[in-house]
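What follows is a short report on a single structure.
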Amino acid sequence: MNATVELATLSGLEQLRAAFGGTFKGIGKTLNFRAVTLEEGRVEFEGRPDESVYNPIGTVHGGYAATLLDSAMACAVHSRLKPGQSYTTLELKIAYHRAMTDESGPVRAEGKIVSVGRRAAFAEGRLVDAQGRLCASGTTTCLVVTP
């Protein structure tokens, strides 16, 4: 049996725990963030932004915050999938509340389920700095695909 077939037999939360239990080579490695909470309906990622993710004006690029929030919210949706289901993001909205620098971290993005229906799932997220100050917030709408 290949890995894709084996993953299809796992719930979404089981898939996430398998992915983050070993060496995950995805976007988390690229942007140096990691999963710290993997629960059904709630996921948290933590990262430490540094100058490698700065924009030309000397603060953390908004794409870093968007990626952490997108990952946390989408994985919150993923955590609620049944075996065989998949999903894709239909809409992502991010609001920026406070600039970040390398002195902001570690930062933590939390994604939580708002609702999961037969065809669509909705989640919200918050990104806070090391002092607990809100840096960004977001919402996502995902299409749930059942074979």
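By order of appearance in the structure tokens: chains A, B, ..., then residues from 1 within every chain, and ligands from 1 in the order shown.
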
Picked from chain A by DSSP as strand (DSSP E), as a ChimeraX atom specification: /A:33-39,42-47,86-96,107-116,120-128,134-145

Which residues of segment 32-53 of chain A sit at most 8 Å from segment 58-79 of chain A, using only C-alpha atoms? Give each one's shortest atom pair and distance in Å (one decimal place), in chain and ascending residue order, as a tab-separated table.
residue	atom	partner	partner_atom	distance
A:Phe33	CA	A:Leu68	CA	8.0
A:Leu38	CA	A:Ser79	CA	7.8
A:Glu39	CA	A:Ser79	CA	7.0
A:Glu40	CA	A:Ser79	CA	5.2
A:Gly41	CA	A:Ala76	CA	4.9
A:Arg42	CA	A:Ala76	CA	5.0
A:Val43	CA	A:Ala76	CA	5.3
A:Glu44	CA	A:Ala72	CA	5.8
A:Phe45	CA	A:Ala72	CA	6.3
A:Pro49	CA	A:Val60	CA	7.0
A:Asp50	CA	A:Val60	CA	7.6
A:Glu51	CA	A:Val60	CA	7.4
A:Val53	CA	A:Val60	CA	5.6

For the selection you just gave me, I'd like the residues written to a file as a PDB file, in the first residue's frame, keeping C-alpha atoms.
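And here is the file that came out, result12.pdb:
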ATOM      1  CA  PHE A  33       7.387  27.808  11.823  1.00  0.00           C
ATOM      2  CA  LEU A  38      -3.161  20.024  16.823  1.00  0.00           C
ATOM      3  CA  GLU A  39      -6.684  19.491  18.118  1.00  0.00           C
ATOM      4  CA  GLU A  40      -9.953  18.802  16.387  1.00  0.00           C
ATOM      5  CA  GLY A  41     -11.135  22.206  15.193  1.00  0.00           C
ATOM      6  CA  ARG A  42      -8.136  24.144  16.550  1.00  0.00           C
ATOM      7  CA  VAL A  43      -4.534  24.429  15.321  1.00  0.00           C
ATOM      8  CA  GLU A  44      -1.685  26.693  16.406  1.00  0.00           C
ATOM      9  CA  PHE A  45       1.583  27.446  14.635  1.00  0.00           C
ATOM     10  CA  PRO A  49      10.179  36.108  12.114  1.00  0.00           C
ATOM     11  CA  ASP A  50      13.615  37.452  11.264  1.00  0.00           C
ATOM     12  CA  GLU A  51      15.142  39.708   8.621  1.00  0.00           C
ATOM     13  CA  VAL A  53      11.067  37.725   5.823  1.00  0.00           C
TER      14      VAL A  53
END

Backbone-only DSSP, alpha helix (DSSP H) members of segment 21-59 of chain A, as a VMD selection string: chain A and resid 21 27 to 31

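Put simply, atom CA of Gly12 of chain A is 26.7 Å away from atom CA of Arg48 of chain A.
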
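Between atom CA of Gly111 of chain A and atom CA of Thr141 of chain A lies a distance of 12.3 Å.
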
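Candidate residues A:Pro106, A:Gly138, A:Gly28, A:Gly21 were compared for distance to Glu91 of chain A, and the nearest is A:Gly138, using only C-alpha atoms.
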
What are the closest atom pairs, with distances in Å to one decimal, for each residue of segment 25-117 of chain A lying within 7 Å of segment 121-133 of chain A, using only C-alpha atoms, rows by chain and rising residue number, as JSON lines?
{"residue": "A:Leu69", "atom": "CA", "partner": "A:Gly125", "partner_atom": "CA", "distance": 6.0}
{"residue": "A:Met73", "atom": "CA", "partner": "A:Ala123", "partner_atom": "CA", "distance": 5.6}
{"residue": "A:Val77", "atom": "CA", "partner": "A:Ala121", "partner_atom": "CA", "distance": 6.6}
{"residue": "A:Ser104", "atom": "CA", "partner": "A:Asp129", "partner_atom": "CA", "distance": 5.4}
{"residue": "A:Gly105", "atom": "CA", "partner": "A:Ala130", "partner_atom": "CA", "distance": 5.3}
{"residue": "A:Pro106", "atom": "CA", "partner": "A:Ala130", "partner_atom": "CA", "distance": 5.3}
{"residue": "A:Val107", "atom": "CA", "partner": "A:Asp129", "partner_atom": "CA", "distance": 4.4}
{"residue": "A:Arg108", "atom": "CA", "partner": "A:Val128", "partner_atom": "CA", "distance": 5.5}
{"residue": "A:Ala109", "atom": "CA", "partner": "A:Leu127", "partner_atom": "CA", "distance": 4.2}
{"residue": "A:Glu110", "atom": "CA", "partner": "A:Gly125", "partner_atom": "CA", "distance": 5.4}
{"residue": "A:Gly111", "atom": "CA", "partner": "A:Gly125", "partner_atom": "CA", "distance": 4.4}
{"residue": "A:Lys112", "atom": "CA", "partner": "A:Ala123", "partner_atom": "CA", "distance": 5.5}
{"residue": "A:Ile113", "atom": "CA", "partner": "A:Ala123", "partner_atom": "CA", "distance": 4.3}
{"residue": "A:Val114", "atom": "CA", "partner": "A:Ala123", "partner_atom": "CA", "distance": 4.9}
{"residue": "A:Ser115", "atom": "CA", "partner": "A:Phe122", "partner_atom": "CA", "distance": 5.3}
{"residue": "A:Val116", "atom": "CA", "partner": "A:Ala121", "partner_atom": "CA", "distance": 4.2}
{"residue": "A:Gly117", "atom": "CA", "partner": "A:Ala121", "partner_atom": "CA", "distance": 5.8}

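Between atom CA of Tyr96 of chain A and atom CA of Leu134 of chain A there is a distance of 8.8 Å.
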
Test item: residues at most 8 Å from Gly84 of chain A, only C-alpha atoms, excluding those fewer than 6 positions along its chain, as JSON, numbers by chain: {"A": [8, 9, 10, 11, 146, 147]}

Output C-alpha atoms of each residue in that selection to a file, as a PDB file, in the first residue's frame.
ATOM      1  CA  ALA A   8      -6.882   8.355   2.732  1.00  0.00           C
ATOM      2  CA  THR A   9      -7.853   5.938   5.523  1.00  0.00           C
ATOM      3  CA  LEU A  10      -7.015   8.459   8.251  1.00  0.00           C
ATOM      4  CA  SER A  11      -9.160  11.276   9.612  1.00  0.00           C
ATOM      5  CA  THR A 146     -16.145  14.168  -0.595  1.00  0.00           C
ATOM      6  CA  PRO A 147     -15.427  11.415  -3.142  1.00  0.00           C
TER       7      PRO A 147
END

Which of A:Arg17, A:Gln85, A:Ala136, A:Arg118 sits closest to His97 of chain A [using only C-alpha atoms]: A:Ala136

Minimum-distance residue to Leu90 of chain A, chosen among A:Ile27, A:Leu13, A:Cys142, A:Ala35 (using only C-alpha atoms): A:Cys142
